[in-house]
$ cat final36.cif   # mmCIF, C-alpha atoms and all ligand atoms
data_target
#
loop_
_atom_site.label_atom_id
_atom_site.label_comp_id
_atom_site.auth_asym_id
_atom_site.auth_seq_id
_atom_site.Cartn_x
_atom_site.Cartn_y
_atom_site.Cartn_z
CA MET A 253 80.02 86.23 99.97
CA THR A 254 78.25 83.72 97.74
CA LYS A 255 79.88 80.44 96.82
CA THR A 256 80.27 81.43 93.14
CA ALA A 257 81.76 84.82 93.99
CA LYS A 258 84.22 83.06 96.28
CA ALA A 259 85.21 80.60 93.54
CA LYS A 260 86.15 83.50 91.26
CA LEU A 261 88.68 84.99 93.66
CA GLN A 262 92.16 84.50 92.31
CA GLN A 263 94.97 83.34 94.47
CA ILE A 264 97.41 86.14 95.28
CA GLN A 265 101.01 85.30 94.42
CA SER A 266 104.19 86.71 95.95
CA VAL A 267 105.85 89.66 94.23
CA LYS A 268 108.49 88.84 91.59
CA GLY A 269 111.94 88.39 93.11
CA MET A 270 110.61 88.25 96.71
CA HIS A 271 110.81 85.00 98.65
CA ASP A 272 109.28 83.43 101.71
CA THR A 273 111.59 81.74 104.18
CA LEU A 274 109.58 78.68 105.16
CA PRO A 275 109.90 76.89 108.51
CA ALA A 276 112.09 74.14 107.03
CA ASP A 277 114.74 76.70 106.02
CA GLN A 278 114.69 78.62 109.30
CA PRO A 279 117.34 76.53 111.12
CA LEU A 280 119.89 77.34 108.40
CA TRP A 281 119.02 81.05 108.44
CA GLU A 282 119.26 81.03 112.20
CA LYS A 283 122.65 79.30 112.07
CA ILE A 284 123.98 81.93 109.63
CA ARG A 285 122.70 84.83 111.73
CA LYS A 286 124.14 83.26 114.88
CA THR A 287 127.50 82.68 113.20
CA ALA A 288 127.65 86.29 112.04
CA LYS A 289 126.77 87.50 115.52
CA THR A 290 129.43 85.30 117.13
CA VAL A 291 132.06 86.64 114.74
CA ALA A 292 130.85 90.22 115.25
CA ASP A 293 131.00 89.82 119.03
CA PHE A 294 134.44 88.24 118.99
CA TYR A 295 135.99 90.98 116.83
CA ASN A 296 134.11 93.71 118.73
CA PHE A 297 131.67 94.85 116.06
CA LYS A 298 128.65 96.54 117.69
CA ARG A 299 125.23 96.04 116.17
CA ILE A 300 123.56 98.97 114.41
CA ASP A 301 120.14 98.91 112.73
CA VAL A 302 119.25 101.51 110.14
CA PRO A 303 115.82 102.03 108.51
CA LEU A 304 114.59 100.23 105.42
CA LEU A 305 113.55 103.58 104.00
CA GLU A 306 115.87 106.50 103.39
CA ARG A 307 115.80 109.62 101.24
CA ALA A 308 116.62 108.62 97.67
CA GLU A 309 119.25 111.35 97.60
CA LEU A 310 121.33 109.48 100.18
CA TYR A 311 121.95 106.66 97.72
CA GLU A 312 122.20 108.92 94.68
CA ARG A 313 124.97 110.89 96.36
CA GLY A 314 126.55 107.99 98.23
CA ILE A 315 126.49 105.08 95.78
CA GLY A 316 126.72 107.34 92.71
CA ALA A 317 124.16 108.46 90.14
CA ASP A 318 125.86 106.52 87.32
CA THR A 319 125.85 103.14 89.04
CA ASP A 320 123.51 100.30 88.10
CA ILE A 321 122.00 100.36 91.58
CA VAL A 322 120.95 104.00 91.39
CA GLU A 323 120.27 104.13 87.65
CA LYS A 324 118.14 101.01 87.39
CA GLN A 325 117.67 99.11 90.62
CA MET A 326 116.22 101.29 93.35
CA PHE A 327 112.65 100.83 94.55
CA LEU A 328 111.71 104.50 94.47
CA PHE A 329 108.50 106.20 95.46
CA SER A 330 107.03 109.48 96.64
CA THR A 331 105.16 109.68 99.91
CA ARG A 332 101.88 111.54 100.39
CA GLY A 333 104.08 114.33 101.79
CA LYS A 334 106.00 114.35 98.47
CA GLU A 335 109.24 113.03 99.93
CA ARG A 336 111.31 110.98 97.46
CA LEU A 337 112.24 107.81 99.28
CA ALA A 338 114.00 104.56 98.39
CA LEU A 339 113.95 101.10 99.92
CA ARG A 340 117.54 100.51 101.02
CA PRO A 341 119.55 98.79 98.27
CA GLU A 342 122.60 98.41 100.56
CA PHE A 343 123.66 99.18 104.13
CA THR A 344 126.76 101.35 103.93
CA ALA A 345 125.17 104.66 102.88
CA GLY A 346 122.54 104.39 105.64
CA ILE A 347 125.18 103.53 108.23
CA ALA A 348 127.33 106.47 107.11
CA ARG A 349 124.29 108.75 107.43
CA ALA A 350 123.60 107.43 110.93
CA PHE A 351 127.29 107.84 111.87
CA ILE A 352 127.17 111.51 110.91
CA GLU A 353 123.67 112.21 112.25
CA HIS A 354 124.36 110.76 115.70
CA GLY A 355 127.96 111.95 116.00
CA LEU A 356 129.14 108.35 116.40
CA SER A 357 132.76 109.45 115.99
CA GLN A 358 132.47 110.28 119.71
CA LEU A 359 132.36 106.56 120.44
CA GLY A 360 136.05 106.38 119.57
CA SER A 361 138.13 105.24 116.65
CA PRO A 362 137.96 102.74 115.14
CA LEU A 363 134.25 102.15 115.39
CA LYS A 364 133.31 98.65 114.29
CA LEU A 365 129.68 98.18 113.26
CA PHE A 366 127.62 95.15 112.30
CA SER A 367 124.18 94.98 110.65
CA GLU A 368 122.01 92.35 109.07
CA GLY A 369 118.66 92.39 107.33
CA PRO A 370 116.81 92.73 104.02
CA LEU A 371 117.79 94.92 101.08
CA PHE A 372 115.90 95.66 97.87
CA ARG A 373 117.08 95.97 94.28
CA TYR A 374 114.95 95.94 91.16
CA GLU A 375 117.02 93.36 89.31
CA GLN A 376 116.19 90.62 86.82
CA PRO A 377 115.71 87.65 89.17
CA GLN A 378 117.96 84.63 88.51
CA ALA A 379 119.98 82.18 90.62
CA GLY A 380 121.62 84.17 93.43
CA ARG A 381 119.93 87.42 92.36
CA TYR A 382 116.65 88.53 93.90
CA ARG A 383 114.68 91.70 94.42
CA GLN A 384 114.60 91.21 98.18
CA PHE A 385 117.75 89.67 99.59
CA HIS A 386 119.64 89.76 102.88
CA GLN A 387 123.13 90.78 103.86
CA LEU A 388 125.49 90.50 106.80
CA ASN A 389 127.28 93.83 106.86
CA PHE A 390 130.48 94.77 108.68
CA GLU A 391 132.11 98.23 108.72
CA ILE A 392 135.17 99.73 110.40
CA ILE A 393 135.04 103.53 110.53
CA SER A 394 138.16 105.28 111.72
CA ASN A 395 140.08 108.55 111.69
CA ASP A 396 142.79 107.13 109.47
CA ASP A 397 143.00 104.61 106.64
CA ASP A 398 145.18 102.05 108.44
CA PRO A 399 145.37 98.99 106.14
CA ILE A 400 145.08 96.71 109.17
CA TYR A 401 141.33 97.50 109.11
CA ASP A 402 141.07 96.33 105.50
CA ALA A 403 142.62 93.02 106.53
CA GLN A 404 140.42 92.81 109.63
CA VAL A 405 137.13 93.08 107.73
CA MET A 406 138.31 90.44 105.27
CA ILE A 407 139.31 88.17 108.14
CA ALA A 408 135.86 88.58 109.75
CA PHE A 409 134.19 87.64 106.45
CA TRP A 410 136.50 84.66 105.97
CA ARG A 411 135.80 83.45 109.53
CA ILE A 412 132.04 83.52 108.94
CA VAL A 413 132.42 81.45 105.79
CA GLU A 414 134.85 79.08 107.49
CA SER A 415 132.57 78.64 110.53
CA LEU A 416 129.80 77.66 108.13
CA LYS A 417 132.10 74.94 106.76
CA ILE A 418 132.08 76.40 103.25
CA LYS A 419 134.93 74.83 101.31
CA ASN A 420 137.68 76.49 99.28
CA ALA A 421 136.84 80.12 99.87
CA SER A 422 139.03 82.60 98.05
CA ILE A 423 139.25 86.36 98.40
CA ALA A 424 139.96 88.30 95.19
CA VAL A 425 141.65 91.60 96.08
CA ASN A 426 142.56 94.72 94.17
CA SER A 427 143.27 98.39 94.78
CA ILE A 428 141.40 100.98 92.74
CA GLY A 429 143.46 103.92 94.05
CA CYS A 430 142.39 107.25 95.45
CA LYS A 431 141.36 110.66 94.11
CA ASN A 432 145.00 111.49 93.46
CA CYS A 433 145.99 108.53 91.33
CA ARG A 434 142.73 107.29 89.84
CA PRO A 435 142.06 110.20 87.41
CA ALA A 436 145.22 109.48 85.38
CA TYR A 437 144.38 105.77 85.24
CA ARG A 438 140.81 106.59 84.29
CA LYS A 439 142.13 108.64 81.38
CA GLN A 440 144.31 105.77 80.16
CA LEU A 441 141.49 103.29 80.52
CA THR A 442 139.11 105.56 78.63
CA ALA A 443 141.68 106.01 75.85
CA TYR A 444 142.15 102.24 75.61
CA TYR A 445 138.43 101.56 75.36
CA LYS A 446 137.84 104.46 72.95
CA ASP A 447 140.26 102.78 70.58
CA HIS A 448 138.01 99.70 70.71
CA LYS A 449 134.67 101.44 71.01
CA ASP A 450 133.03 99.56 68.15
CA GLN A 451 133.74 96.25 69.95
CA LEU A 452 131.94 97.30 73.15
CA CYS A 453 128.39 96.40 74.15
CA GLU A 454 125.81 99.18 74.13
CA ASP A 455 125.86 99.64 77.91
CA CYS A 456 129.64 99.93 77.97
CA ARG A 457 129.68 102.48 75.14
CA ARG A 458 127.44 104.66 77.25
CA ARG A 459 129.35 103.99 80.48
CA LEU A 460 132.62 104.87 78.80
CA GLU A 461 131.71 108.54 79.13
CA THR A 462 130.37 108.42 82.69
CA ASN A 463 132.00 105.55 84.57
CA PRO A 464 134.80 103.82 82.59
CA LEU A 465 135.94 101.62 85.52
CA ARG A 466 132.63 99.78 85.29
CA LEU A 467 133.64 98.45 81.88
CA LEU A 468 136.01 96.09 83.65
CA ASP A 469 133.02 94.51 85.34
CA CYS A 470 130.90 93.89 82.22
CA LYS A 471 129.73 90.29 81.81
CA GLU A 472 129.31 90.49 77.99
CA GLU A 473 131.68 88.12 76.23
CA LYS A 474 133.15 90.72 73.83
CA CYS A 475 133.79 93.19 76.68
CA ARG A 476 135.44 90.45 78.74
CA GLU A 477 137.78 89.73 75.84
CA LEU A 478 138.74 93.40 75.60
CA LYS A 479 139.42 93.60 79.31
CA LYS A 480 142.36 91.19 78.97
CA GLU A 481 144.50 93.89 77.36
CA ALA A 482 143.17 96.85 79.36
CA PRO A 483 145.58 98.88 81.56
CA ILE A 484 145.43 97.97 85.26
CA MET A 485 145.11 100.27 88.25
CA ILE A 486 147.90 98.76 90.34
CA ASP A 487 150.40 99.96 87.73
CA HIS A 488 149.17 103.50 88.36
CA LEU A 489 148.83 103.66 92.15
CA CYS A 490 150.35 106.70 93.89
CA SER A 491 152.98 105.92 96.51
CA HIS A 492 150.47 106.14 99.38
CA CYS A 493 148.00 103.75 97.71
CA HIS A 494 150.84 101.47 96.67
CA ASP A 495 152.21 101.20 100.24
CA HIS A 496 148.70 100.87 101.61
CA PHE A 497 147.90 97.97 99.32
CA LYS A 498 151.23 96.29 99.99
CA LEU A 499 150.49 96.30 103.71
CA VAL A 500 146.95 94.94 103.17
CA LEU A 501 148.48 91.98 101.33
CA GLU A 502 151.18 91.51 103.97
CA TYR A 503 148.55 91.36 106.70
CA LEU A 504 146.60 88.79 104.71
CA GLU A 505 149.81 86.78 104.26
CA GLU A 506 150.47 86.95 107.99
CA ILE A 507 147.22 85.18 108.79
CA LYS A 508 147.43 82.92 105.73
CA ALA A 509 144.16 84.18 104.33
CA PRO A 510 143.25 82.53 101.02
CA TYR A 511 143.56 85.63 98.84
CA ALA A 512 144.47 86.15 95.19
CA LEU A 513 145.26 89.39 93.43
CA ASP A 514 142.73 90.30 90.74
CA PRO A 515 143.97 93.46 88.99
CA TYR A 516 140.66 93.84 87.13
CA LEU A 517 138.38 93.67 90.13
CA VAL A 518 136.13 96.73 90.47
CA ARG A 519 132.88 97.02 92.36
CA GLY A 520 129.48 98.39 91.42
CA LEU A 521 129.42 101.29 93.86
CA ASP A 522 131.19 104.61 93.28
CA TYR A 523 132.24 105.27 96.87
CA TYR A 524 135.04 102.71 96.90
CA THR A 525 138.69 103.79 97.14
CA LYS A 526 141.91 101.78 97.47
CA THR A 527 141.15 98.19 98.52
CA VAL A 528 138.27 96.29 96.94
CA PHE A 529 137.59 92.59 97.37
CA GLU A 530 135.13 89.78 96.70
CA LEU A 531 134.83 86.34 98.25
CA THR A 532 134.08 83.29 96.13
CA ALA A 533 133.90 79.59 96.92
CA GLU A 534 134.00 76.23 95.19
CA GLY A 535 130.90 75.06 93.33
CA VAL A 536 129.13 78.38 92.71
CA ASP A 537 129.79 80.96 90.02
CA PHE A 538 128.78 84.06 91.96
CA SER A 539 130.53 85.97 94.72
CA LEU A 540 129.27 85.37 98.24
CA GLY A 541 129.95 88.98 99.09
CA GLY A 542 132.33 91.81 98.67
CA GLY A 543 133.47 95.10 99.98
CA GLY A 544 136.20 97.64 100.14
CA ARG A 545 137.45 100.91 101.49
CA TYR A 546 135.40 104.10 101.22
CA ASP A 547 137.50 106.99 102.46
CA TYR A 548 135.42 109.88 101.09
CA LEU A 549 131.84 108.76 101.72
CA MET A 550 131.39 110.61 105.02
CA GLU A 551 132.45 113.90 103.45
CA LEU A 552 130.29 113.24 100.41
CA LEU A 553 127.32 112.95 102.78
CA GLY A 554 128.16 116.17 104.60
CA GLY A 555 130.17 114.72 107.49
CA LYS A 556 133.76 115.09 108.60
CA ASN A 557 136.56 113.04 107.08
CA ALA A 558 136.32 109.46 108.41
CA PRO A 559 138.02 106.79 106.29
CA ALA A 560 136.25 103.43 106.47
CA VAL A 561 136.22 99.92 105.11
CA GLY A 562 133.58 97.20 105.10
CA PHE A 563 131.99 94.21 103.46
CA ALA A 564 128.56 92.80 102.79
CA ALA A 565 127.90 89.09 102.46
CA GLY A 566 124.73 87.84 100.77
CA VAL A 567 122.80 85.43 103.00
CA GLU A 568 120.91 83.78 100.11
CA ARG A 569 124.20 83.20 98.32
CA ILE A 570 125.78 81.71 101.43
CA ILE A 571 122.79 79.36 101.64
CA GLU A 572 123.06 78.41 97.97
CA THR A 573 126.77 77.70 98.45
CA ILE A 574 126.10 75.55 101.51
CA LYS A 575 123.52 73.59 99.51
CA ALA A 576 125.72 73.33 96.38
CA GLN A 577 128.61 72.03 98.48
CA ASN A 578 126.38 69.65 100.47
CA VAL A 579 127.74 71.07 103.69
CA ASN A 580 126.47 69.26 106.76
CA LEU A 581 126.02 71.74 109.59
CA GLY A 582 124.32 69.22 111.89
CA LEU A 583 121.18 71.31 112.11
CA LYS A 584 118.81 68.54 113.14
CA GLU A 585 116.71 69.83 115.99
CA LYS A 586 116.97 67.93 119.27
CA ALA A 587 113.79 65.91 119.81
CA LYS A 588 111.64 67.09 122.70
CA ILE A 589 109.79 64.98 125.18
CA PHE A 590 106.14 64.49 124.18
CA LEU A 591 103.15 65.15 126.42
CA ILE A 592 100.13 62.91 125.75
CA TYR A 593 96.71 63.18 127.40
CA ILE A 594 93.64 60.99 127.67
CA GLY A 595 90.27 62.67 128.40
CA ASP A 596 89.07 66.24 128.83
CA LEU A 597 90.09 66.74 132.44
CA ALA A 598 93.67 65.69 131.68
CA LYS A 599 93.71 67.84 128.55
CA LYS A 600 92.90 70.93 130.61
CA ARG A 601 95.51 70.19 133.26
CA CYS A 602 98.18 69.61 130.58
CA LEU A 603 98.30 73.40 130.19
CA THR A 604 99.62 73.65 133.76
CA ILE A 605 102.07 70.77 133.25
CA ILE A 606 103.50 72.50 130.15
CA GLU A 607 104.06 75.71 132.11
CA ASP A 608 105.69 73.72 134.90
CA MET A 609 108.09 72.20 132.35
CA ARG A 610 108.85 75.63 130.90
CA ARG A 611 109.78 76.94 134.36
CA ASN A 612 112.09 73.94 134.77
CA GLY A 613 113.79 74.48 131.40
CA ILE A 614 112.42 71.24 129.91
CA ASP A 615 111.28 71.41 126.27
CA VAL A 616 107.98 69.67 125.59
CA ALA A 617 106.11 68.93 122.40
CA GLU A 618 102.41 68.11 122.40
CA SER A 619 99.39 67.78 120.21
CA LEU A 620 96.57 68.78 122.54
CA GLY A 621 94.17 69.14 119.62
CA LYS A 622 94.32 65.40 118.89
CA GLU A 623 92.21 63.06 121.01
CA SER A 624 93.32 59.58 120.15
CA LEU A 625 96.07 58.05 122.27
CA LYS A 626 97.34 56.11 119.26
CA THR A 627 97.67 59.26 117.15
CA GLN A 628 99.52 61.06 119.93
CA LEU A 629 101.89 58.12 120.47
CA ASN A 630 102.55 57.98 116.73
CA LEU A 631 103.37 61.68 116.70
CA ALA A 632 105.78 61.21 119.62
CA ASP A 633 107.41 58.38 117.73
CA LYS A 634 107.68 60.39 114.51
CA ALA A 635 109.20 63.31 116.40
CA GLY A 636 111.86 60.95 117.75
CA SER A 637 111.00 61.89 121.33
CA PRO A 638 113.11 60.01 123.84
CA LEU A 639 110.32 60.12 126.46
CA ALA A 640 106.55 60.47 126.37
CA LEU A 641 104.51 61.68 129.32
CA ILE A 642 101.08 60.07 129.50
CA PHE A 643 98.47 61.89 131.53
CA GLY A 644 95.01 60.27 131.85
CA GLN A 645 91.89 60.55 134.02
CA LYS A 646 93.36 58.31 136.74
CA GLU A 647 96.64 60.21 136.85
CA ALA A 648 94.78 63.54 136.94
CA PHE A 649 92.90 62.38 140.06
CA GLU A 650 96.05 60.99 141.68
CA ASP A 651 98.33 63.94 140.75
CA SER A 652 100.70 61.55 139.01
CA ILE A 653 101.89 60.99 135.45
CA ILE A 654 103.34 58.09 133.42
CA ILE A 655 106.80 58.48 131.93
CA ARG A 656 107.28 56.17 128.96
CA ASP A 657 110.71 55.42 127.54
CA MET A 658 110.03 55.56 123.81
CA THR A 659 112.93 53.28 122.95
CA THR A 660 112.28 50.41 125.36
CA GLY A 661 108.58 50.97 125.96
CA ALA A 662 109.17 50.78 129.75
CA GLN A 663 106.75 52.90 131.77
CA GLU A 664 106.87 54.32 135.29
CA THR A 665 104.31 56.36 137.20
CA VAL A 666 105.73 59.31 139.16
CA PRO A 667 104.08 61.99 141.31
CA LEU A 668 103.51 65.22 139.34
CA LYS A 669 105.55 67.06 141.98
CA LYS A 670 108.58 65.01 141.04
CA LEU A 671 108.09 65.11 137.27
CA ALA A 672 110.78 67.64 136.37
CA GLU A 673 113.33 65.96 138.60
CA SER A 674 112.51 62.49 137.17
CA ILE A 675 112.81 63.72 133.59
CA LYS A 676 116.12 65.44 134.21
CA ARG A 677 117.51 62.28 135.79
CA ARG A 678 116.50 60.25 132.71
CA LEU A 679 117.84 62.73 130.19
CA VAL A 680 121.40 62.98 131.53
P1 LIG A 701 127.01 94.60 96.84
O1 LIG A 701 126.19 95.26 97.91
O2 LIG A 701 126.48 94.86 95.47
O3 LIG A 701 128.47 94.89 97.00
O4 LIG A 701 126.83 93.04 97.02
C1 LIG A 701 127.37 92.33 98.09
C2 LIG A 701 126.77 90.95 98.13
O5 LIG A 701 125.38 91.02 98.35
C3 LIG A 701 126.90 90.18 96.82
O6 LIG A 701 128.14 89.54 96.71
C4 LIG A 701 125.78 89.16 97.00
O7 LIG A 701 126.18 88.12 97.86
C5 LIG A 701 124.72 89.96 97.69
N1 LIG A 701 123.76 90.51 96.70
C6 LIG A 701 123.83 91.69 96.05
N2 LIG A 701 122.76 91.85 95.25
C7 LIG A 701 122.00 90.75 95.40
C8 LIG A 701 120.76 90.30 94.84
N3 LIG A 701 120.07 91.04 93.98
N4 LIG A 701 120.28 89.10 95.23
C9 LIG A 701 120.95 88.33 96.11
N5 LIG A 701 122.11 88.70 96.68
C10 LIG A 701 122.64 89.89 96.32
#

$ encode --input "final36.cif" --output "structure tokens"
Amino acid sequence: MTKTAKAKLQQIQSVKGMHDTLPADQPLWEKIRKTAKTVADFYNFKRIDVPLLERAELYERGIGADTDIVEKQMFLFSTRGKERLALRPEFTAGIARAFIEHGLSQLGSPLKLFSEGPLFRYEQPQAGRYRQFHQLNFEIISNDDDPIYDAQVMIAFWRIVESLKIKNASIAVNSIGCKNCRPAYRKQLTAYYKDHKDQLCEDCRRRLETNPLRLLDCKEEKCRELKKEAPIMIDHLCSHCHDHFKLVLEYLEEIKAPYALDPYLVRGLDYYTKTVFELTAEGVDFSLGGGGRYDYLMELLGGKNAPAVGFAAGVERIIETIKAQNVNLGLKEKAKIFLIYIGDLAKKRCLTIIEDMRRNGIDVAESLGKESLKTQLNLADKAGSPLALIFGQKEAFEDSIIIRDMTTGAQETVPLKKLAESIKRRLV
């Protein structure tokens, strides 16, 4: 390629709403993943990974055709084989499909499952809202709808947030009833909003016919005003849903979980029944995650009845909360010892020394591409290394190496054979 042709090439930018996680942010991501895994292990959630691509129909049927996710936010495409596929916008539908497809009910009830990874939604990017984002996802699938499971998923979520030292978390909880009691409430809600139709935003006027519960979730100021007088579901719960919800709250009381009843809380996915919840924290105006019970999803996807409950926490939102609250997680990496060489022969043999250290479980940093001793010593200093190992021509011939204490500057020559042992003694 000629120089001028090269100059014309435009830089390729990342896709809107998609983000790189740069090395500096990796320790925090790692900490969050580790925390989620520790909580999952403790409460006996087994890891499951489902594909990033599924048939679009899975989400259309599972999440609901009238939801924002399915209506507007799925990354949809047709393959060369004319299959209609979607990038996963959430975990639950894929996990439910896998549960049915692999007969996971055989593993016993309840089955507790944990997943984490990227999801995709074609949204308008803004703070806390991206087109590729990540979730920590916990599900309990059972053969009954025991409210203890609802409390247990909320507790797992709360423990993750607490372990990450996020301050003043609060769980908003509601019950949106079941197929027996919700239709009557839906009718009342529709009647209420029909009386005020001219005050609704355009989206809500349309949703009123298809999905009236979603009106409670509208962020438009005029719709929020109207919500204040709207009928609430908990006044219309059937006796089973009423008792179920009462027990959920009692279990949360028992463990002193920081919950608050929010009678207007609904969630953006159609599969939810009974309990729904969202977790918020001080200093941010979005929810860190949410979830609820989904007792009919398995049947909707062609499986046997298997009531379930779960939550998904947004990793990016957890990170933004940690940053907004200035949480100190003590993530500074421990400085490694620094291996310095002088001359080509020593440089070559450093490769063997590094492997020797690896076998002995000693972490070493180096900069074998740099020749100057001064540069290498500066790098060791900058890295905060407690010890530097200096390996020159003389040492290479004598099978020895210099250990330099970077704080005091004191140096000692030791035989290479005894290097690991000498380092370990100094580092205790
Ligand atoms: P949902 O799957 O819609 O119930 O969302 C659960 C959680 O996932 C939310 O509370 C957020 O923390 C996170 N989340 C959902 N959508 C996005 C998005 N577009 N960008 C970043 N985080 C998201």

$ residues_near_ligand --input "final36.cif" --ligand "ligand LIG 701 (chain A)" --cutoff "8 Å" --atoms "only C-alpha atoms and all ligand atoms" --output "mmCIF file with C-alpha atoms, in the coordinates of the input"
data_model
loop_
_atom_site.group_PDB
_atom_site.id
_atom_site.type_symbol
_atom_site.label_atom_id
_atom_site.label_comp_id
_atom_site.auth_asym_id
_atom_site.auth_seq_id
_atom_site.Cartn_x
_atom_site.Cartn_y
_atom_site.Cartn_z
ATOM 1 C CA PRO A 341 119.550 98.790 98.270
ATOM 2 C CA GLU A 342 122.600 98.410 100.560
ATOM 3 C CA PHE A 343 123.660 99.180 104.130
ATOM 4 C CA PHE A 372 115.900 95.660 97.870
ATOM 5 C CA ARG A 373 117.080 95.970 94.280
ATOM 6 C CA TYR A 374 114.950 95.940 91.160
ATOM 7 C CA GLU A 375 117.020 93.360 89.310
ATOM 8 C CA PRO A 377 115.710 87.650 89.170
ATOM 9 C CA GLY A 380 121.620 84.170 93.430
ATOM 10 C CA ARG A 381 119.930 87.420 92.360
ATOM 11 C CA TYR A 382 116.650 88.530 93.900
ATOM 12 C CA ARG A 383 114.680 91.700 94.420
ATOM 13 C CA GLN A 384 114.600 91.210 98.180
ATOM 14 C CA PHE A 385 117.750 89.670 99.590
ATOM 15 C CA HIS A 386 119.640 89.760 102.880
ATOM 16 C CA GLN A 387 123.130 90.780 103.860
ATOM 17 C CA ARG A 519 132.880 97.020 92.360
ATOM 18 C CA GLY A 520 129.480 98.390 91.420
ATOM 19 C CA LEU A 521 129.420 101.290 93.860
ATOM 20 C CA GLU A 530 135.130 89.780 96.700
ATOM 21 C CA LEU A 531 134.830 86.340 98.250
ATOM 22 C CA PHE A 538 128.780 84.060 91.960
ATOM 23 C CA SER A 539 130.530 85.970 94.720
ATOM 24 C CA LEU A 540 129.270 85.370 98.240
ATOM 25 C CA GLY A 541 129.950 88.980 99.090
ATOM 26 C CA GLY A 542 132.330 91.810 98.670
ATOM 27 C CA GLY A 543 133.470 95.100 99.980
ATOM 28 C CA PHE A 563 131.990 94.210 103.460
ATOM 29 C CA ALA A 564 128.560 92.800 102.790
ATOM 30 C CA ALA A 565 127.900 89.090 102.460
ATOM 31 C CA GLY A 566 124.730 87.840 100.770
ATOM 32 C CA VAL A 567 122.800 85.430 103.000
ATOM 33 C CA GLU A 568 120.910 83.780 100.110
ATOM 34 C CA ARG A 569 124.200 83.200 98.320
ATOM 35 C CA ILE A 570 125.780 81.710 101.430
#

$ residues_around --input "final36.cif" --residues "Leu625 of chain A" --least-positions-apart "5" --cutoff "10 Å" --atoms "all atoms listed in the file" --output "list of chain:residue names"
A:Ile592, A:Tyr593, A:Ile594, A:Gly595, A:Asn630, A:Leu631, A:Ile642, A:Gly644

$ residues_near_point --input "final36.cif" --point "(106.0, 70.0, 125.6)" --cutoff "8 Å" --atoms "all atoms listed in the file" --output "number ranges by chain"
A: 588-591, 606, 609, 614-618

$ atom_distance --input "final36.cif" --atom1 "atom CA of Thr442 of chain A" --atom2 "atom CA of Leu552 of chain A"
24.7 Å

$ closest_residue --input "final36.cif" --among "A:Asp651, A:Arg610, A:Ile321, A:Ala558" --to "Ala598 of chain A" --atoms "all atoms listed in the file"
A:Asp651

$ closest_residue --input "final36.cif" --among "A:Thr604, A:Ser427, A:Asn612, A:Gln451" --to "Thr525 of chain A" --atoms "only C-alpha atoms"
A:Ser427

$ closest_residue --input "final36.cif" --among "A:Lys575, A:Lys526, A:Lys268, A:Lys586" --to "His494 of chain A" --atoms "all atoms listed in the file"
A:Lys526

$ residues_around --input "final36.cif" --residues "Lys449 of chain A" --least-positions-apart "5" --cutoff "12 Å" --atoms "only C-alpha atoms" --output "list in words"
Leu441, Thr442, Ala443, Tyr444, Glu454, Asp455, Cys456, Arg457, Arg458, Arg459, Leu460, Glu461, Pro464, Leu467, Lys474, Cys475 and Leu478 of chain A

$ residues_around --input "final36.cif" --residues "Arg336 of chain A" --least-positions-apart "2" --cutoff "9 Å" --atoms "all atoms listed in the file" --output "ChimeraX atom specification"
/A:306-309,328-331,334,338

$ residues_around --input "final36.cif" --residues "segment 271-287 of chain A" --least-positions-apart "5" --cutoff "10 Å" --atoms "only C-alpha atoms" --output "PyMOL selection string"
chain A and resi 266+292-293+368-369+382-385+387-388+411-416+567-568+570-571+574+581-585

$ closest_residue --input "final36.cif" --among "A:Ala348, A:Pro370, A:Phe390, A:Met326" --to "Leu304 of chain A" --atoms "only C-alpha atoms"
A:Pro370

$ residues_near_point --input "final36.cif" --point "(138.7, 97.6, 105.0)" --cutoff "8 Å" --atoms "all atoms listed in the file" --output "ChimeraX atom specification"
/A:391-392,399-406,527,543-545,560-563

$ residues_around --input "final36.cif" --residues "Gly346 of chain A" --least-positions-apart "6" --cutoff "8 Å" --atoms "only C-alpha atoms" --output "list in words"
Val302, Pro303, Glu306, Leu310 and Arg340 of chain A

$ write_last_selection --input "final36.cif" --atoms "C-alpha atoms" --output "PDB file, in the frame of the given file"
ATOM      1  CA  VAL A 302     119.250 101.510 110.140  1.00  0.00           C
ATOM      2  CA  PRO A 303     115.820 102.030 108.510  1.00  0.00           C
ATOM      3  CA  GLU A 306     115.870 106.500 103.390  1.00  0.00           C
ATOM      4  CA  LEU A 310     121.330 109.480 100.180  1.00  0.00           C
ATOM      5  CA  ARG A 340     117.540 100.510 101.020  1.00  0.00           C
TER       6      ARG A 340
END

$ atom_distance --input "final36.cif" --atom1 "atom CA of Ile352 of chain A" --atom2 "atom CA of Leu549 of chain A"
10.7 Å

$ atom_distance --input "final36.cif" --atom1 "atom CA of Glu312 of chain A" --atom2 "atom CA of Met270 of chain A"
23.8 Å

$ axis_aligned_box --input "final36.cif" --around "segment 475-491 of chain A" --padding-each-side "8 Å" --output "AutoDock Vina command-line options"
--center_x 143.4 --center_y 98.2 --center_z 86.1 --size_x 35.2 --size_y 33.0 --size_z 36.9
